[in-house]
$ cat input-v6.cif   # mmCIF, C-alpha atoms
data_run
loop_
_atom_site.group_PDB
_atom_site.id
_atom_site.type_symbol
_atom_site.label_atom_id
_atom_site.label_comp_id
_atom_site.auth_asym_id
_atom_site.auth_seq_id
_atom_site.Cartn_x
_atom_site.Cartn_y
_atom_site.Cartn_z
ATOM 1 C CA ALA A 14 0.000 0.000 0.000
ATOM 2 C CA GLN A 15 1.082 3.564 -0.619
ATOM 3 C CA SER A 16 2.230 5.526 2.397
ATOM 4 C CA VAL A 17 4.209 8.589 3.392
ATOM 5 C CA ALA A 18 6.073 9.311 6.586
ATOM 6 C CA GLN A 19 7.056 12.627 8.066
ATOM 7 C CA PRO A 20 9.571 11.681 10.728
ATOM 8 C CA GLU A 21 9.619 15.046 12.492
ATOM 9 C CA ASP A 22 6.617 16.406 14.352
ATOM 10 C CA GLN A 23 8.285 19.785 14.601
ATOM 11 C CA VAL A 24 11.111 21.670 12.943
ATOM 12 C CA LYS A 25 12.538 24.896 14.300
ATOM 13 C CA VAL A 26 14.759 27.179 12.249
ATOM 14 C CA ALA A 27 15.998 30.741 12.529
ATOM 15 C CA GLU A 28 14.773 33.304 10.021
ATOM 16 C CA GLY A 29 17.157 33.575 7.090
ATOM 17 C CA ASN A 30 18.475 30.045 7.507
ATOM 18 C CA PRO A 31 17.703 27.229 5.083
ATOM 19 C CA LEU A 32 14.909 24.886 6.058
ATOM 20 C CA THR A 33 14.174 21.260 5.282
ATOM 21 C CA VAL A 34 10.986 19.357 6.070
ATOM 22 C CA LYS A 35 11.437 15.640 5.534
ATOM 23 C CA CYS A 36 9.162 13.165 3.802
ATOM 24 C CA THR A 37 9.759 9.565 2.837
ATOM 25 C CA TYR A 38 7.411 7.430 0.845
ATOM 26 C CA SER A 39 6.590 3.834 0.133
ATOM 27 C CA VAL A 40 4.826 3.073 -3.133
ATOM 28 C CA SER A 41 4.496 0.442 -5.774
ATOM 29 C CA GLY A 42 5.004 1.900 -9.197
ATOM 30 C CA ASN A 43 5.789 5.511 -9.954
ATOM 31 C CA PRO A 44 4.884 7.920 -7.172
ATOM 32 C CA TYR A 45 2.835 11.065 -7.506
ATOM 33 C CA LEU A 46 3.955 13.230 -4.573
ATOM 34 C CA PHE A 47 2.588 16.473 -3.199
ATOM 35 C CA TRP A 48 3.340 19.075 -0.542
ATOM 36 C CA TYR A 49 0.662 21.157 1.124
ATOM 37 C CA VAL A 50 0.836 23.851 3.795
ATOM 38 C CA GLN A 51 -1.806 24.700 6.386
ATOM 39 C CA TYR A 52 -1.815 28.038 8.167
ATOM 40 C CA PRO A 53 -3.818 28.458 11.398
ATOM 41 C CA ASN A 54 -7.586 28.377 10.874
ATOM 42 C CA ARG A 55 -7.136 27.764 7.170
ATOM 43 C CA GLY A 56 -7.484 24.856 4.783
ATOM 44 C CA LEU A 57 -4.554 23.202 3.063
ATOM 45 C CA GLN A 58 -2.789 25.080 0.283
ATOM 46 C CA PHE A 59 -1.045 23.294 -2.549
ATOM 47 C CA LEU A 60 2.695 24.057 -2.724
ATOM 48 C CA LEU A 61 4.144 21.736 -5.341
ATOM 49 C CA LYS A 62 4.049 18.266 -6.834
ATOM 50 C CA TYR A 63 6.266 15.687 -8.453
ATOM 51 C CA ILE A 64 4.776 13.636 -11.260
ATOM 52 C CA THR A 65 7.686 12.903 -13.543
ATOM 53 C CA GLY A 66 10.733 14.566 -15.034
ATOM 54 C CA ASP A 67 13.196 16.834 -13.237
ATOM 55 C CA ASN A 68 13.936 15.667 -9.699
ATOM 56 C CA LEU A 69 13.980 19.232 -8.374
ATOM 57 C CA VAL A 70 10.498 20.688 -8.290
ATOM 58 C CA LYS A 71 9.885 24.374 -7.672
ATOM 59 C CA GLY A 72 6.681 25.578 -6.085
ATOM 60 C CA SER A 73 4.931 28.486 -4.456
ATOM 61 C CA TYR A 74 6.452 30.979 -1.983
ATOM 62 C CA GLY A 75 10.037 30.010 -2.858
ATOM 63 C CA PHE A 76 9.686 26.391 -1.797
ATOM 64 C CA GLU A 77 11.200 23.502 -3.692
ATOM 65 C CA ALA A 78 11.376 19.758 -3.187
ATOM 66 C CA GLU A 79 13.824 17.153 -4.305
ATOM 67 C CA PHE A 80 12.625 13.754 -5.444
ATOM 68 C CA ASN A 81 15.172 11.061 -4.605
ATOM 69 C CA LYS A 82 14.182 7.671 -5.894
ATOM 70 C CA SER A 83 17.043 5.729 -4.318
ATOM 71 C CA GLN A 84 16.281 7.136 -0.873
ATOM 72 C CA THR A 85 12.508 7.188 -1.462
ATOM 73 C CA SER A 86 12.401 10.745 -0.202
ATOM 74 C CA PHE A 87 10.701 13.976 -1.208
ATOM 75 C CA HIS A 88 12.040 16.596 1.183
ATOM 76 C CA LEU A 89 10.695 20.134 1.117
ATOM 77 C CA LYS A 90 13.295 22.898 1.148
ATOM 78 C CA LYS A 91 13.658 26.645 1.140
ATOM 79 C CA PRO A 92 16.987 28.484 0.967
ATOM 80 C CA SER A 93 16.014 31.263 3.383
ATOM 81 C CA ALA A 94 13.174 30.852 5.879
ATOM 82 C CA LEU A 95 10.714 33.588 6.783
ATOM 83 C CA VAL A 96 8.769 33.940 10.026
ATOM 84 C CA SER A 97 5.630 33.840 7.873
ATOM 85 C CA ASP A 98 6.572 30.314 6.744
ATOM 86 C CA SER A 99 5.604 29.057 10.203
ATOM 87 C CA ALA A 100 2.775 26.589 9.582
ATOM 88 C CA LEU A 101 1.863 22.909 9.367
ATOM 89 C CA TYR A 102 3.272 21.075 6.344
ATOM 90 C CA PHE A 103 1.852 17.901 4.857
ATOM 91 C CA CYS A 104 3.405 15.488 2.418
ATOM 92 C CA ALA A 105 1.009 13.330 0.392
ATOM 93 C CA VAL A 106 1.130 10.540 -2.165
ATOM 94 C CA ARG A 107 -1.510 9.587 -4.684
ATOM 95 C CA ASP A 108 -2.975 6.183 -3.975
ATOM 96 C CA LYS A 109 -2.076 3.674 -6.661
ATOM 97 C CA GLY A 110 -5.293 1.687 -6.815
ATOM 98 C CA ASN A 111 -7.521 4.695 -6.361
ATOM 99 C CA THR A 112 -6.365 7.824 -8.077
ATOM 100 C CA ASP A 113 -9.019 9.873 -6.331
ATOM 101 C CA LYS A 114 -7.301 9.352 -3.040
ATOM 102 C CA LEU A 115 -4.426 11.309 -1.520
ATOM 103 C CA ILE A 116 -2.682 9.652 1.404
ATOM 104 C CA PHE A 117 -1.353 12.292 3.764
ATOM 105 C CA GLY A 118 1.442 12.211 6.277
ATOM 106 C CA THR A 119 0.828 13.253 9.857
ATOM 107 C CA GLY A 120 2.242 16.716 9.272
ATOM 108 C CA THR A 121 5.303 18.648 10.444
ATOM 109 C CA ARG A 122 4.949 21.889 12.312
ATOM 110 C CA LEU A 123 7.541 24.393 11.128
ATOM 111 C CA GLN A 124 8.451 27.203 13.473
ATOM 112 C CA VAL A 125 10.645 29.996 12.144
ATOM 113 C CA PHE A 126 11.892 32.295 14.878
ATOM 114 C CA PRO A 127 13.221 35.827 14.366
ATOM 115 C CA GLU B 23 -15.606 34.973 -4.661
ATOM 116 C CA THR B 24 -12.744 32.727 -5.690
ATOM 117 C CA GLY B 25 -11.437 29.310 -4.743
ATOM 118 C CA VAL B 26 -13.266 26.960 -2.425
ATOM 119 C CA THR B 27 -15.608 28.333 0.219
ATOM 120 C CA GLN B 28 -17.181 26.555 3.159
ATOM 121 C CA THR B 29 -20.005 27.529 5.476
ATOM 122 C CA PRO B 30 -20.379 27.715 8.353
ATOM 123 C CA ARG B 31 -16.822 28.168 9.573
ATOM 124 C CA HIS B 32 -17.750 27.035 13.073
ATOM 125 C CA LEU B 33 -20.590 24.798 14.239
ATOM 126 C CA VAL B 34 -21.577 23.546 17.654
ATOM 127 C CA MET B 35 -24.297 20.925 17.737
ATOM 128 C CA GLY B 36 -25.839 18.504 20.151
ATOM 129 C CA MET B 37 -25.895 14.798 19.480
ATOM 130 C CA THR B 38 -29.564 14.858 18.520
ATOM 131 C CA ASN B 39 -29.347 17.811 16.139
ATOM 132 C CA LYS B 40 -29.385 17.771 12.354
ATOM 133 C CA LYS B 41 -27.184 20.218 10.528
ATOM 134 C CA SER B 42 -25.540 20.595 7.131
ATOM 135 C CA LEU B 43 -22.144 21.772 5.957
ATOM 136 C CA LYS B 44 -21.896 23.531 2.625
ATOM 137 C CA CYS B 45 -19.021 23.749 0.178
ATOM 138 C CA GLU B 46 -18.836 25.693 -3.056
ATOM 139 C CA GLN B 47 -15.994 25.784 -5.555
ATOM 140 C CA HIS B 48 -15.489 28.585 -8.063
ATOM 141 C CA LEU B 49 -12.661 26.931 -9.992
ATOM 142 C CA GLY B 50 -14.592 25.101 -12.689
ATOM 143 C CA HIS B 51 -13.512 21.739 -11.292
ATOM 144 C CA ASN B 52 -15.399 18.492 -11.787
ATOM 145 C CA ALA B 53 -14.421 16.604 -8.653
ATOM 146 C CA MET B 54 -15.146 17.397 -5.015
ATOM 147 C CA TYR B 55 -14.030 15.797 -1.782
ATOM 148 C CA TRP B 56 -14.826 15.747 1.939
ATOM 149 C CA TYR B 57 -12.003 15.206 4.425
ATOM 150 C CA LYS B 58 -11.947 14.952 8.212
ATOM 151 C CA GLN B 59 -9.010 16.429 10.100
ATOM 152 C CA SER B 60 -8.681 15.414 13.744
ATOM 153 C CA ALA B 61 -5.917 16.399 16.115
ATOM 154 C CA LYS B 62 -2.842 14.170 15.909
ATOM 155 C CA LYS B 63 -4.309 12.053 13.088
ATOM 156 C CA PRO B 64 -3.622 12.041 9.358
ATOM 157 C CA LEU B 65 -6.158 13.692 7.137
ATOM 158 C CA GLU B 66 -8.943 11.189 6.383
ATOM 159 C CA LEU B 67 -10.701 11.100 3.049
ATOM 160 C CA MET B 68 -14.456 10.626 3.531
ATOM 161 C CA PHE B 69 -16.186 11.000 0.172
ATOM 162 C CA VAL B 70 -15.350 11.742 -3.458
ATOM 163 C CA TYR B 71 -17.684 13.023 -6.142
ATOM 164 C CA ASN B 72 -16.756 13.059 -9.797
ATOM 165 C CA PHE B 73 -19.132 14.849 -12.153
ATOM 166 C CA LYS B 74 -21.793 14.746 -9.370
ATOM 167 C CA GLU B 75 -21.486 10.977 -8.967
ATOM 168 C CA GLN B 76 -20.133 9.517 -5.739
ATOM 169 C CA THR B 77 -17.029 7.479 -6.524
ATOM 170 C CA GLU B 78 -15.659 6.932 -3.037
ATOM 171 C CA ASN B 79 -17.127 6.289 0.386
ATOM 172 C CA ASN B 80 -14.262 5.564 2.726
ATOM 173 C CA SER B 81 -16.273 3.470 5.207
ATOM 174 C CA VAL B 82 -17.910 6.550 6.652
ATOM 175 C CA PRO B 83 -20.714 6.028 9.216
ATOM 176 C CA SER B 84 -24.205 6.650 7.902
ATOM 177 C CA ARG B 85 -24.698 9.574 10.292
ATOM 178 C CA PHE B 86 -22.706 11.497 7.654
ATOM 179 C CA SER B 87 -24.641 11.881 4.418
ATOM 180 C CA PRO B 88 -23.125 13.693 1.439
ATOM 181 C CA GLU B 89 -24.988 15.402 -1.358
ATOM 182 C CA CYS B 90 -23.632 16.816 -4.606
ATOM 183 C CA PRO B 91 -26.368 18.543 -6.634
ATOM 184 C CA ASN B 92 -23.906 19.856 -9.229
ATOM 185 C CA SER B 93 -20.170 20.055 -9.843
ATOM 186 C CA SER B 94 -19.867 23.321 -7.917
ATOM 187 C CA HIS B 95 -21.680 22.439 -4.705
ATOM 188 C CA LEU B 96 -21.170 19.790 -2.078
ATOM 189 C CA PHE B 97 -23.032 19.262 1.164
ATOM 190 C CA LEU B 98 -22.432 17.106 4.197
ATOM 191 C CA HIS B 99 -25.602 16.388 6.154
ATOM 192 C CA LEU B 100 -25.045 15.516 9.798
ATOM 193 C CA HIS B 101 -27.376 13.766 12.216
ATOM 194 C CA THR B 102 -27.074 12.025 15.578
ATOM 195 C CA LEU B 103 -23.360 12.665 15.732
ATOM 196 C CA GLN B 104 -21.020 11.511 18.482
ATOM 197 C CA PRO B 105 -18.505 13.619 20.419
ATOM 198 C CA GLU B 106 -15.660 11.845 18.607
ATOM 199 C CA ASP B 107 -16.967 13.369 15.382
ATOM 200 C CA SER B 108 -15.719 16.757 16.557
ATOM 201 C CA ALA B 109 -13.067 17.788 14.031
ATOM 202 C CA LEU B 110 -12.229 20.141 11.198
ATOM 203 C CA TYR B 111 -14.128 19.142 8.054
ATOM 204 C CA LEU B 112 -12.403 20.160 4.872
ATOM 205 C CA CYS B 113 -13.816 20.324 1.395
ATOM 206 C CA ALA B 114 -11.579 20.147 -1.667
ATOM 207 C CA SER B 115 -11.938 20.170 -5.421
ATOM 208 C CA SER B 116 -9.796 19.168 -8.366
ATOM 209 C CA GLN B 117 -9.920 19.241 -12.112
ATOM 210 C CA ARG B 118 -11.096 15.673 -12.384
ATOM 211 C CA ALA B 119 -11.090 12.770 -10.025
ATOM 212 C CA GLY B 120 -9.190 9.786 -11.375
ATOM 213 C CA GLN B 121 -6.611 12.092 -12.926
ATOM 214 C CA GLY B 122 -3.638 11.133 -10.804
ATOM 215 C CA SER B 123 -1.594 14.268 -11.354
ATOM 216 C CA ALA B 124 -4.245 16.855 -10.490
ATOM 217 C CA GLU B 125 -3.718 18.721 -7.251
ATOM 218 C CA GLN B 126 -6.604 19.391 -4.917
ATOM 219 C CA TYR B 127 -7.650 22.813 -3.725
ATOM 220 C CA PHE B 128 -9.021 23.068 -0.205
ATOM 221 C CA GLY B 129 -11.544 25.270 1.503
ATOM 222 C CA PRO B 130 -10.900 26.809 4.937
ATOM 223 C CA GLY B 131 -12.864 24.117 6.721
ATOM 224 C CA THR B 132 -15.732 23.935 9.191
ATOM 225 C CA ARG B 133 -14.730 23.462 12.819
ATOM 226 C CA LEU B 134 -17.392 21.123 14.226
ATOM 227 C CA THR B 135 -17.909 20.562 17.922
ATOM 228 C CA VAL B 136 -20.392 17.920 19.046
ATOM 229 C CA THR B 137 -21.616 18.345 22.612
#
$ encode --input "input-v6.cif" --output "structure tokens"
Amino acid sequence: AQSVAQPEDQVKVAEGNPLTVKCTYSVSGNPYLFWYVQYPNRGLQFLLKYITGDNLVKGSYGFEAEFNKSQTSFHLKKPSALVSDSALYFCAVRDKGNTDKLIFGTGTRLQVFP
Amino acid sequence: ETGVTQTPRHLVMGMTNKKSLKCEQHLGHNAMYWYKQSAKKPLELMFVYNFKEQTENNSVPSRFSPECPNSSHLFLHLHTLQPEDSALYLCASSQRAGQGSAEQYFGPGTRLTVT
């Protein structure tokens, strides 16, 4: 079965420093991978996705993610964090047998401090 | 109004009440979804509608009853809920269900509290 894991419940980083939010996946076949962000009292916002092609995917708000097939990872990165990036981040994978279904990780809370 | 809207944003109801959640998408999408988000749990898919037809019911109790009158509107009718049903209910839409690469766009959610 398809699954994703976000090994860190929380990540703390100083403003201006690079940030990484980790995601690993387990799939059969080619993965369709997504990152979403959730700000307080808001729904999830799509950041970026990997379907095929270039392993480095660029998304909204300066975020990017690197697809690594050998390590089965899809880590979210940003070169320089902003306090406003503080939010809950979700990694997701499209279910193989049911393409209507996104399987979400448990989320990582990112805290960027001034 | 743009994107995906949900009303009400907050709802408190007793276990014997009947209420409905409403979702509307202004993106021209054909597929709509209901999710449940509980504290410390992964997001749970509840229902999927594709071109107004229900294509997924993820073993949801019958006290939750979805309705999709057209591709732009989705309802979740609630009755005789339990306290453990308290959660954030999120609606989403996408270009077409079954299209594996299409991202979903989410509404702000309805925070439901069952007393």
$ closest_atom_pairs --input "input-v6.cif" --of "chain B" --to "chain A" --cutoff "10 Å" --atoms "all atoms listed in the file" --output "tab-separated table"
residue	atom	partner	partner_atom	distance
B:Val26	CA	A:Gly56	CA	9.5
B:Thr27	CA	A:Gly56	CA	9.9
B:Gln28	CA	A:Gly56	CA	10.0
B:Arg31	CA	A:Asn54	CA	9.3
B:Ala53	CA	A:Asp113	CA	8.9
B:Met54	CA	A:Asp113	CA	9.8
B:Tyr55	CA	A:Asp113	CA	9.0
B:Ala61	CA	A:Thr119	CA	9.7
B:Lys62	CA	A:Thr119	CA	7.1
B:Lys63	CA	A:Thr119	CA	6.2
B:Pro64	CA	A:Thr119	CA	4.6
B:Leu65	CA	A:Phe117	CA	6.0
B:Glu66	CA	A:Phe117	CA	8.1
B:Leu67	CA	A:Lys114	CA	7.2
B:Met68	CA	A:Lys114	CA	9.8
B:Phe69	CA	A:Lys114	CA	9.6
B:Val70	CA	A:Asp113	CA	7.2
B:Tyr71	CA	A:Asp113	CA	9.2
B:Asn72	CA	A:Asp113	CA	9.1
B:Thr77	CA	A:Asp113	CA	8.4
B:Glu78	CA	A:Asp113	CA	8.0
B:Asn80	CA	A:Lys114	CA	9.8
B:Leu110	CA	A:Gly56	CA	9.3
B:Tyr111	CA	A:Gly56	CA	9.4
B:Leu112	CA	A:Gly56	CA	6.8
B:Cys113	CA	A:Gly56	CA	8.5
B:Ala114	CA	A:Gly56	CA	9.0
B:Ser116	CA	A:Asp113	CA	9.5
B:Arg118	CA	A:Asp113	CA	8.6
B:Ala119	CA	A:Asp113	CA	5.1
B:Gly120	CA	A:Thr112	CA	4.8
B:Gln121	CA	A:Thr112	CA	6.5
B:Gly122	CA	A:Thr112	CA	5.1
B:Ser123	CA	A:Ile64	CA	6.4
B:Ala124	CA	A:Lys62	CA	9.2
B:Glu125	CA	A:Phe59	CA	7.1
B:Gln126	CA	A:Phe59	CA	7.2
B:Tyr127	CA	A:Gln58	CA	6.7
B:Phe128	CA	A:Gly56	CA	5.5
B:Gly129	CA	A:Gly56	CA	5.2
B:Pro130	CA	A:Gly56	CA	3.9
B:Gly131	CA	A:Gly56	CA	5.8
B:Thr132	CA	A:Gly56	CA	9.4
B:Arg133	CA	A:Asn54	CA	8.9
$ axis_aligned_box --input "input-v6.cif" --around "stretch 81-94 of chain A" --padding-each-side "5 Å" --output "AutoDock Vina command-line options"
--center_x 13.9 --center_y 18.5 --center_z 0.0 --size_x 16.3 --size_y 35.5 --size_z 21.8
$ residues_around --input "input-v6.cif" --residues "B:Lys74" --least-positions-apart "3" --cutoff "7 Å" --atoms "all atoms listed in the file" --output "PyMOL selection string"
chain B and resi 71+90-93
$ resolve_selection --input "input-v6.cif" --expression "the PyMOL selection byres ((chain A and resi 16) around 6)" --output "NGL selection string"
:A and (15 or 17 or 38-39)
$ atom_distance --input "input-v6.cif" --atom1 "atom CA of A:Gly66" --atom2 "atom CA of A:Ser93"
25.4 Å
$ resolve_selection --input "input-v6.cif" --expression "the PyMOL selection byres ((chain A and resi 83) around 12)" --output "list of chain:residue names"
A:Thr37, A:Tyr38, A:Ser39, A:Asn68, A:Glu79, A:Phe80, A:Asn81, A:Lys82, A:Gln84, A:Thr85, A:Ser86, A:Phe87
$ resolve_selection --input "input-v6.cif" --expression "the PyMOL selection byres ((chain B and resi 38-50) around 6)" --output "JSON, numbers by chain"
{"B": [24, 25, 26, 27, 28, 29, 36, 37, 51, 94, 95, 96, 97, 98, 99, 100, 101, 102]}
$ atom_distance --input "input-v6.cif" --atom1 "atom CA of A:Ala27" --atom2 "atom CA of A:Val125"
5.4 Å
$ residues_around --input "input-v6.cif" --residues "stretch 28-36 of chain A" --least-positions-apart "5" --cutoff "6 Å" --atoms "all atoms listed in the file" --output "mmCIF file with C-alpha atoms, in the coordinates of the input"
data_model
loop_
_atom_site.group_PDB
_atom_site.id
_atom_site.type_symbol
_atom_site.label_atom_id
_atom_site.label_comp_id
_atom_site.auth_asym_id
_atom_site.auth_seq_id
_atom_site.Cartn_x
_atom_site.Cartn_y
_atom_site.Cartn_z
ATOM 1 C CA ALA A 18 6.073 9.311 6.586
ATOM 2 C CA GLN A 19 7.056 12.627 8.066
ATOM 3 C CA SER A 86 12.401 10.745 -0.202
ATOM 4 C CA PHE A 87 10.701 13.976 -1.208
ATOM 5 C CA HIS A 88 12.040 16.596 1.183
ATOM 6 C CA LEU A 89 10.695 20.134 1.117
ATOM 7 C CA LYS A 90 13.295 22.898 1.148
ATOM 8 C CA LYS A 91 13.658 26.645 1.140
ATOM 9 C CA PRO A 92 16.987 28.484 0.967
ATOM 10 C CA SER A 93 16.014 31.263 3.383
ATOM 11 C CA ALA A 94 13.174 30.852 5.879
ATOM 12 C CA LEU A 95 10.714 33.588 6.783
ATOM 13 C CA VAL A 125 10.645 29.996 12.144
ATOM 14 C CA PHE A 126 11.892 32.295 14.878
ATOM 15 C CA PRO A 127 13.221 35.827 14.366
#
$ closest_residue --input "input-v6.cif" --among "B:Val136, B:Tyr57, B:Ala109, B:Gln117" --to "B:Pro88" --atoms "all atoms listed in the file"
B:Tyr57
$ atom_distance --input "input-v6.cif" --atom1 "atom CA of B:Ser108" --atom2 "atom CA of B:Leu33"
9.7 Å
$ decode --input "input-v6.cif" --residues "stretch 56-110 of chain B" --atoms "C-alpha atoms" --output "JSON list (two decimals), in the first residue's frame"
[["chain", "number", "residue", "atom", "x", "y", "z"],
["B", 56, "TRP", "CA", -14.83, 15.75, 1.94],
["B", 57, "TYR", "CA", -12.00, 15.21, 4.43],
["B", 58, "LYS", "CA", -11.95, 14.95, 8.21],
["B", 59, "GLN", "CA", -9.01, 16.43, 10.10],
["B", 60, "SER", "CA", -8.68, 15.41, 13.74],
["B", 61, "ALA", "CA", -5.92, 16.40, 16.12],
["B", 62, "LYS", "CA", -2.84, 14.17, 15.91],
["B", 63, "LYS", "CA", -4.31, 12.05, 13.09],
["B", 64, "PRO", "CA", -3.62, 12.04, 9.36],
["B", 65, "LEU", "CA", -6.16, 13.69, 7.14],
["B", 66, "GLU", "CA", -8.94, 11.19, 6.38],
["B", 67, "LEU", "CA", -10.70, 11.10, 3.05],
["B", 68, "MET", "CA", -14.46, 10.63, 3.53],
["B", 69, "PHE", "CA", -16.19, 11.00, 0.17],
["B", 70, "VAL", "CA", -15.35, 11.74, -3.46],
["B", 71, "TYR", "CA", -17.68, 13.02, -6.14],
["B", 72, "ASN", "CA", -16.76, 13.06, -9.80],
["B", 73, "PHE", "CA", -19.13, 14.85, -12.15],
["B", 74, "LYS", "CA", -21.79, 14.75, -9.37],
["B", 75, "GLU", "CA", -21.49, 10.98, -8.97],
["B", 76, "GLN", "CA", -20.13, 9.52, -5.74],
["B", 77, "THR", "CA", -17.03, 7.48, -6.52],
["B", 78, "GLU", "CA", -15.66, 6.93, -3.04],
["B", 79, "ASN", "CA", -17.13, 6.29, 0.39],
["B", 80, "ASN", "CA", -14.26, 5.56, 2.73],
["B", 81, "SER", "CA", -16.27, 3.47, 5.21],
["B", 82, "VAL", "CA", -17.91, 6.55, 6.65],
["B", 83, "PRO", "CA", -20.71, 6.03, 9.22],
["B", 84, "SER", "CA", -24.21, 6.65, 7.90],
["B", 85, "ARG", "CA", -24.70, 9.57, 10.29],
["B", 86, "PHE", "CA", -22.71, 11.50, 7.65],
["B", 87, "SER", "CA", -24.64, 11.88, 4.42],
["B", 88, "PRO", "CA", -23.13, 13.69, 1.44],
["B", 89, "GLU", "CA", -24.99, 15.40, -1.36],
["B", 90, "CYS", "CA", -23.63, 16.82, -4.61],
["B", 91, "PRO", "CA", -26.37, 18.54, -6.63],
["B", 92, "ASN", "CA", -23.91, 19.86, -9.23],
["B", 93, "SER", "CA", -20.17, 20.06, -9.84],
["B", 94, "SER", "CA", -19.87, 23.32, -7.92],
["B", 95, "HIS", "CA", -21.68, 22.44, -4.70],
["B", 96, "LEU", "CA", -21.17, 19.79, -2.08],
["B", 97, "PHE", "CA", -23.03, 19.26, 1.16],
["B", 98, "LEU", "CA", -22.43, 17.11, 4.20],
["B", 99, "HIS", "CA", -25.60, 16.39, 6.15],
["B", 100, "LEU", "CA", -25.04, 15.52, 9.80],
["B", 101, "HIS", "CA", -27.38, 13.77, 12.22],
["B", 102, "THR", "CA", -27.07, 12.02, 15.58],
["B", 103, "LEU", "CA", -23.36, 12.67, 15.73],
["B", 104, "GLN", "CA", -21.02, 11.51, 18.48],
["B", 105, "PRO", "CA", -18.50, 13.62, 20.42],
["B", 106, "GLU", "CA", -15.66, 11.84, 18.61],
["B", 107, "ASP", "CA", -16.97, 13.37, 15.38],
["B", 108, "SER", "CA", -15.72, 16.76, 16.56],
["B", 109, "ALA", "CA", -13.07, 17.79, 14.03],
["B", 110, "LEU", "CA", -12.23, 20.14, 11.20]]
